[in-house]
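Below: the structure, in structure tokens.
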Amino acid sequence: MTVRPILTAPDPRLQAVSTDVETVTDEIRTLVDDMADSMYAADGIGLAAIQIGVASRVLVIDLDQKEGKKNPIGYINPKIIWASEETAVFEEGCLSVPEIWDDVERPARIKCEYLDRDGKKQTLEADGLLATCLQHEMDHLNGVLFIDHLSRLKKSMAVRKLTKAKKLKETA
Ligand code: NI
């Protein structure tokens with residue numbers, strides 16, 4: 001279990017399209033564990049592998065930790081197989097987009113398929129925060145950040161803020 005550094009935007013690696021995991025091996029399980037540790041260390045509720053620089057279609061999400069218990073779920077090769085027409089708006093943030101939060105509208109309910117850490121195929125129907133979180137993390141696998149869903153003006157303001165923050169950090 002290792003806490004790995006999380007990439008922050010703007011970073012071309014975050015725009016990479018991740019590739020499917022062929023077989024769920026111990027190496028993948030270690031990746032899931034490292035992702036969970038990295039997520040907890042950064043106070044996040046979800047993380048995609050590309051955020052620690054690994055372009056594999058792997059996510060980890062834990063929405064229960066606020067109650068003091070840790071229950072990270074790994075989603076390998078997740079795919080949306082159905083999405084509701086009804087939408088929901090949540091204020092989103094991202095460990096790779098520090099200090100920025102904004103409303104994003106997405107399908108309110110989704111059905112998805114994924115492999116669990118034992119390589120077993122699972123189907124999940126999600127709504128509420130879990131539906132939003134899964135869609136946000138799955139976007140990362142396609143190189144998409146939540147700020148890409150904002151208006152052009154809001155996105156360019158966000159990118160400017162992120163670029164400035166990164167420069168300050170580099171010269172500090
Ligand atoms: Ni994110």
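Just remember, in the structure tokens the first chain shown is A, the second B, etc., residues are 1-based per chain, and ligands are 1-based in the order shown.
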Note to self: Show me which residues are within 10 Å of ligand 1 counting only C-alpha atoms and all ligand atoms, and format the list as a PyMOL selection string.
What the structure shows: chain A and resi 8+14+44-48+50-51+92-98+133-140+144-147
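With distances taken over only C-alpha atoms, A:Asp148 is the one residue among A:Glu86, A:Asp62, A:Asp148, A:Asp127 lying closest to A:Asp102.
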Notebook entry, point to check: For A:Val24, which residue among A:Ile110, A:Leu59, A:Ala172, A:Leu115 is the nearest when counting only C-alpha atoms?
Noted result: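 Looking at the shortest contact to A:Val24, the residue is A:Leu115.
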Check: What are the DSSP helix (DSSP H, G or I) residues of chain A, as JSON, numbers by chain?
Finding: {"A": [12, 13, 14, 15, 26, 27, 28, 29, 30, 31, 32, 33, 34, 35, 36, 37, 38, 39, 40, 41, 49, 50, 51, 52, 65, 66, 67, 128, 129, 130, 131, 132, 133, 134, 135, 136, 137, 138, 139, 140, 141, 146, 147, 148, 149, 152, 153, 154, 155, 156, 157, 158, 159, 160, 161, 162, 163, 164, 165, 166, 167, 168, 169, 170, 171]}
Write out the residues from the selection above, keeping C-alpha atoms, as a PDB file, in the first residue's frame.
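Output (result_21.pdb):
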```
ATOM      1  CA  PRO A  12      -1.342  16.205 -20.863  1.00  0.00           C
ATOM      2  CA  ARG A  13      -1.294  12.806 -19.119  1.00  0.00           C
ATOM      3  CA  LEU A  14      -4.771  13.533 -17.730  1.00  0.00           C
ATOM      4  CA  GLN A  15      -6.058  13.707 -21.318  1.00  0.00           C
ATOM      5  CA  ASP A  26      -2.219  -9.168  -8.208  1.00  0.00           C
ATOM      6  CA  GLU A  27      -0.590  -6.208  -9.906  1.00  0.00           C
ATOM      7  CA  ILE A  28      -4.031  -4.724 -10.611  1.00  0.00           C
ATOM      8  CA  ARG A  29      -5.156  -5.429  -7.017  1.00  0.00           C
ATOM      9  CA  THR A  30      -2.041  -3.606  -5.767  1.00  0.00           C
ATOM     10  CA  LEU A  31      -2.898  -0.720  -8.080  1.00  0.00           C
ATOM     11  CA  VAL A  32      -6.427  -0.572  -6.587  1.00  0.00           C
ATOM     12  CA  ASP A  33      -4.959  -0.582  -3.051  1.00  0.00           C
ATOM     13  CA  ASP A  34      -2.455   2.153  -3.899  1.00  0.00           C
ATOM     14  CA  MET A  35      -5.224   4.197  -5.503  1.00  0.00           C
ATOM     15  CA  ALA A  36      -7.365   3.845  -2.366  1.00  0.00           C
ATOM     16  CA  ASP A  37      -4.460   4.951  -0.144  1.00  0.00           C
ATOM     17  CA  SER A  38      -3.691   7.885  -2.426  1.00  0.00           C
ATOM     18  CA  MET A  39      -7.362   8.883  -2.434  1.00  0.00           C
ATOM     19  CA  TYR A  40      -7.677   8.755   1.367  1.00  0.00           C
ATOM     20  CA  ALA A  41      -4.426  10.678   1.818  1.00  0.00           C
ATOM     21  CA  ALA A  49      -5.808   5.271 -12.233  1.00  0.00           C
ATOM     22  CA  ILE A  50      -4.737   7.947 -14.716  1.00  0.00           C
ATOM     23  CA  GLN A  51      -4.727  10.444 -11.833  1.00  0.00           C
ATOM     24  CA  ILE A  52      -1.665   8.647 -10.490  1.00  0.00           C
ATOM     25  CA  GLN A  65     -15.777   6.932   4.667  1.00  0.00           C
ATOM     26  CA  LYS A  66     -17.442  10.035   6.098  1.00  0.00           C
ATOM     27  CA  GLU A  67     -18.973   7.723   8.687  1.00  0.00           C
ATOM     28  CA  GLY A 128     -27.546  10.042  -6.453  1.00  0.00           C
ATOM     29  CA  LEU A 129     -23.937  10.807  -5.596  1.00  0.00           C
ATOM     30  CA  LEU A 130     -22.715   7.340  -6.645  1.00  0.00           C
ATOM     31  CA  ALA A 131     -24.116   7.805 -10.182  1.00  0.00           C
ATOM     32  CA  THR A 132     -22.391  11.179 -10.481  1.00  0.00           C
ATOM     33  CA  CYS A 133     -19.150   9.908  -8.987  1.00  0.00           C
ATOM     34  CA  LEU A 134     -19.016   6.888 -11.324  1.00  0.00           C
ATOM     35  CA  GLN A 135     -19.612   9.103 -14.356  1.00  0.00           C
ATOM     36  CA  HIS A 136     -17.004  11.628 -13.196  1.00  0.00           C
ATOM     37  CA  GLU A 137     -14.405   8.876 -12.706  1.00  0.00           C
ATOM     38  CA  MET A 138     -15.295   7.128 -15.969  1.00  0.00           C
ATOM     39  CA  ASP A 139     -14.771  10.463 -17.747  1.00  0.00           C
ATOM     40  CA  HIS A 140     -11.153  10.393 -16.478  1.00  0.00           C
ATOM     41  CA  LEU A 141     -10.658   7.088 -18.331  1.00  0.00           C
ATOM     42  CA  PHE A 146     -15.356  17.820 -14.987  1.00  0.00           C
ATOM     43  CA  ILE A 147     -14.300  21.312 -16.075  1.00  0.00           C
ATOM     44  CA  ASP A 148     -14.687  20.078 -19.676  1.00  0.00           C
ATOM     45  CA  HIS A 149     -18.453  20.026 -18.977  1.00  0.00           C
ATOM     46  CA  ARG A 152     -16.283  27.740 -22.429  1.00  0.00           C
ATOM     47  CA  LEU A 153     -15.859  30.865 -20.284  1.00  0.00           C
ATOM     48  CA  LYS A 154     -15.929  28.992 -16.982  1.00  0.00           C
ATOM     49  CA  LYS A 155     -13.543  26.373 -18.316  1.00  0.00           C
ATOM     50  CA  SER A 156     -11.011  28.902 -19.547  1.00  0.00           C
ATOM     51  CA  MET A 157     -11.187  30.701 -16.190  1.00  0.00           C
ATOM     52  CA  ALA A 158     -10.568  27.389 -14.429  1.00  0.00           C
ATOM     53  CA  VAL A 159      -7.627  26.506 -16.685  1.00  0.00           C
ATOM     54  CA  ARG A 160      -6.088  29.933 -16.108  1.00  0.00           C
ATOM     55  CA  LYS A 161      -6.433  29.540 -12.330  1.00  0.00           C
ATOM     56  CA  LEU A 162      -4.932  26.027 -12.441  1.00  0.00           C
ATOM     57  CA  THR A 163      -2.016  27.123 -14.639  1.00  0.00           C
ATOM     58  CA  LYS A 164      -1.260  30.037 -12.317  1.00  0.00           C
ATOM     59  CA  ALA A 165      -1.425  27.827  -9.214  1.00  0.00           C
ATOM     60  CA  LYS A 166       0.921  25.316 -10.829  1.00  0.00           C
ATOM     61  CA  LYS A 167       3.455  27.994 -11.771  1.00  0.00           C
ATOM     62  CA  LEU A 168       3.404  29.377  -8.224  1.00  0.00           C
ATOM     63  CA  LYS A 169       3.982  25.886  -6.843  1.00  0.00           C
ATOM     64  CA  GLU A 170       6.884  25.265  -9.221  1.00  0.00           C
ATOM     65  CA  THR A 171       8.651  28.507  -8.322  1.00  0.00           C
TER      66      THR A 171
END
```
Next item on the list: Excluding A:Glu105 and any residue of its chain fewer than 5 positions from it, enumerate the residues within 7 Å of it, using only C-alpha atoms, and give them as a list in words.
Entry: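 The residues satisfying every condition are Thr87, Ala88, Val89 and Phe90 of chain A.
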Output C-alpha atoms of each residue in that selection to a file, as an mmCIF file, in the first residue's frame.
```
data_model
loop_
_atom_site.group_PDB
_atom_site.id
_atom_site.type_symbol
_atom_site.label_atom_id
_atom_site.label_comp_id
_atom_site.auth_asym_id
_atom_site.auth_seq_id
_atom_site.Cartn_x
_atom_site.Cartn_y
_atom_site.Cartn_z
ATOM 1 C CA THR A 87 -30.591 14.429 -15.152
ATOM 2 C CA ALA A 88 -29.225 15.608 -11.833
ATOM 3 C CA VAL A 89 -26.917 18.463 -10.923
ATOM 4 C CA PHE A 90 -24.158 18.036 -8.357
#
```
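Each of A:Ala16, A:Asp118, A:Ile100, A:Ala126 was checked against A:Gly74 using only C-alpha atoms; the smallest atom-to-atom distance is that of A:Asp118.
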Next item on the list: Can you work out the spacing between atom CA of A:Ala83 and atom CA of A:Ala108 in Å, to one decimal?
Entry: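 It comes out at 7.7 Å.
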Check: Using the chain letters and numbers from this document, which residues of stretch 18-75 of chain A does DSSP assign to strand (DSSP E or B), as a ChimeraX atom specification?
Finding: /A:19,46-48,56,58-61,73-75
Expected file contents, prior selection, N, CA and C atoms, as a short mmCIF file (atom, residue, chain, number, x, y, z; two decimals), in the first residue's frame:
```cif
data_model
loop_
_atom_site.label_atom_id
_atom_site.label_comp_id
_atom_site.auth_asym_id
_atom_site.auth_seq_id
_atom_site.Cartn_x
_atom_site.Cartn_y
_atom_site.Cartn_z
N THR A 19 -6.58 2.30 -21.24
CA THR A 19 -6.90 1.04 -21.94
C THR A 19 -7.45 0.00 -20.96
N GLY A 46 -13.21 9.54 -4.74
CA GLY A 46 -13.06 8.72 -5.93
C GLY A 46 -11.75 9.05 -6.63
N LEU A 47 -11.21 8.06 -7.33
CA LEU A 47 -9.95 8.28 -8.04
C LEU A 47 -9.88 7.34 -9.24
N ALA A 48 -9.37 7.86 -10.35
CA ALA A 48 -9.13 7.02 -11.53
C ALA A 48 -7.62 6.80 -11.64
N SER A 56 -4.77 2.81 -17.16
CA SER A 56 -5.57 1.58 -17.18
C SER A 56 -6.98 1.93 -16.71
N VAL A 58 -9.26 1.66 -14.49
CA VAL A 58 -9.48 1.24 -13.10
C VAL A 58 -9.91 2.47 -12.29
N LEU A 59 -10.95 2.29 -11.47
CA LEU A 59 -11.43 3.35 -10.58
C LEU A 59 -11.50 2.83 -9.18
N VAL A 60 -11.43 3.74 -8.23
CA VAL A 60 -11.76 3.36 -6.86
C VAL A 60 -12.68 4.45 -6.31
N ILE A 61 -13.72 4.01 -5.60
CA ILE A 61 -14.69 4.95 -5.04
C ILE A 61 -15.01 4.49 -3.62
N ILE A 73 -14.16 0.60 -3.05
CA ILE A 73 -14.59 -0.36 -4.07
C ILE A 73 -13.79 -0.09 -5.35
N GLY A 74 -13.19 -1.13 -5.88
CA GLY A 74 -12.46 -1.02 -7.14
C GLY A 74 -13.37 -1.41 -8.30
N TYR A 75 -13.36 -0.60 -9.34
CA TYR A 75 -14.15 -0.88 -10.54
C TYR A 75 -13.17 -1.02 -11.69
#
```
Checklist line | For A:Glu99, the nearest of the candidates A:Lys120, A:Ser151, A:Ala9, A:Val17, counting only C-alpha atoms | finding: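 Using only C-alpha atoms, A:Glu99 sits closest to A:Ala9.
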Notebook entry, point to check: What is the atom CA of A:Arg117 to atom CA of A:Lys79 distance in Å?
Noted result: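 Separation between atom CA of A:Arg117 and atom CA of A:Lys79: 15.6 Å.
Neighbouring residues of A:Glu91 at 7 Å or closer, counting only C-alpha atoms and skipping chain neighbours under 5 positions away, are Trp101, Asp102, Asp103 and Val104 of chain A.
Atom to atom, atom CA of A:Pro5 and atom CA of A:Lys69 stand 23.3 Å apart.
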Using only C-alpha atoms, which protein or nucleic acid residues come within 7 Å of A:Pro78? Drop anything in the same chain fewer than 6 positions from it, and give the result as a PDB file with all heavy atoms, in the first residue's frame.
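Final file, around10.pdb:
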```
ATOM      1  N   CYS A 112     -24.271   0.154 -14.860  1.00  0.00           N
ATOM      2  CA  CYS A 112     -22.963  -0.127 -15.443  1.00  0.00           C
ATOM      3  C   CYS A 112     -22.479  -1.533 -15.127  1.00  0.00           C
ATOM      4  O   CYS A 112     -22.990  -2.214 -14.238  1.00  0.00           O
ATOM      5  CB  CYS A 112     -21.929   0.923 -15.064  1.00  0.00           C
ATOM      6  SG  CYS A 112     -21.678   1.152 -13.343  1.00  0.00           S
ATOM      7  N   GLU A 113     -21.531  -1.939 -15.945  1.00  0.00           N
ATOM      8  CA  GLU A 113     -20.889  -3.247 -15.807  1.00  0.00           C
ATOM      9  C   GLU A 113     -19.425  -3.005 -15.502  1.00  0.00           C
ATOM     10  O   GLU A 113     -18.836  -2.067 -16.014  1.00  0.00           O
ATOM     11  CB  GLU A 113     -20.958  -3.989 -17.148  1.00  0.00           C
ATOM     12  CG  GLU A 113     -22.192  -4.814 -17.350  1.00  0.00           C
ATOM     13  CD  GLU A 113     -22.221  -5.443 -18.742  1.00  0.00           C
ATOM     14  OE1 GLU A 113     -21.215  -5.331 -19.491  1.00  0.00           O
ATOM     15  OE2 GLU A 113     -23.251  -6.021 -19.072  1.00  0.00           O
ATOM     16  N   TYR A 114     -18.847  -3.860 -14.685  1.00  0.00           N
ATOM     17  CA  TYR A 114     -17.417  -3.746 -14.398  1.00  0.00           C
ATOM     18  C   TYR A 114     -16.917  -5.084 -13.873  1.00  0.00           C
ATOM     19  O   TYR A 114     -17.714  -5.992 -13.600  1.00  0.00           O
ATOM     20  CB  TYR A 114     -17.166  -2.636 -13.357  1.00  0.00           C
ATOM     21  CG  TYR A 114     -17.759  -2.909 -11.991  1.00  0.00           C
ATOM     22  CD1 TYR A 114     -16.980  -3.453 -10.958  1.00  0.00           C
ATOM     23  CD2 TYR A 114     -19.102  -2.634 -11.719  1.00  0.00           C
ATOM     24  CE1 TYR A 114     -17.525  -3.709  -9.695  1.00  0.00           C
ATOM     25  CE2 TYR A 114     -19.649  -2.893 -10.465  1.00  0.00           C
ATOM     26  CZ  TYR A 114     -18.855  -3.428  -9.457  1.00  0.00           C
ATOM     27  OH  TYR A 114     -19.393  -3.688  -8.221  1.00  0.00           O
TER      28      TYR A 114
END
```
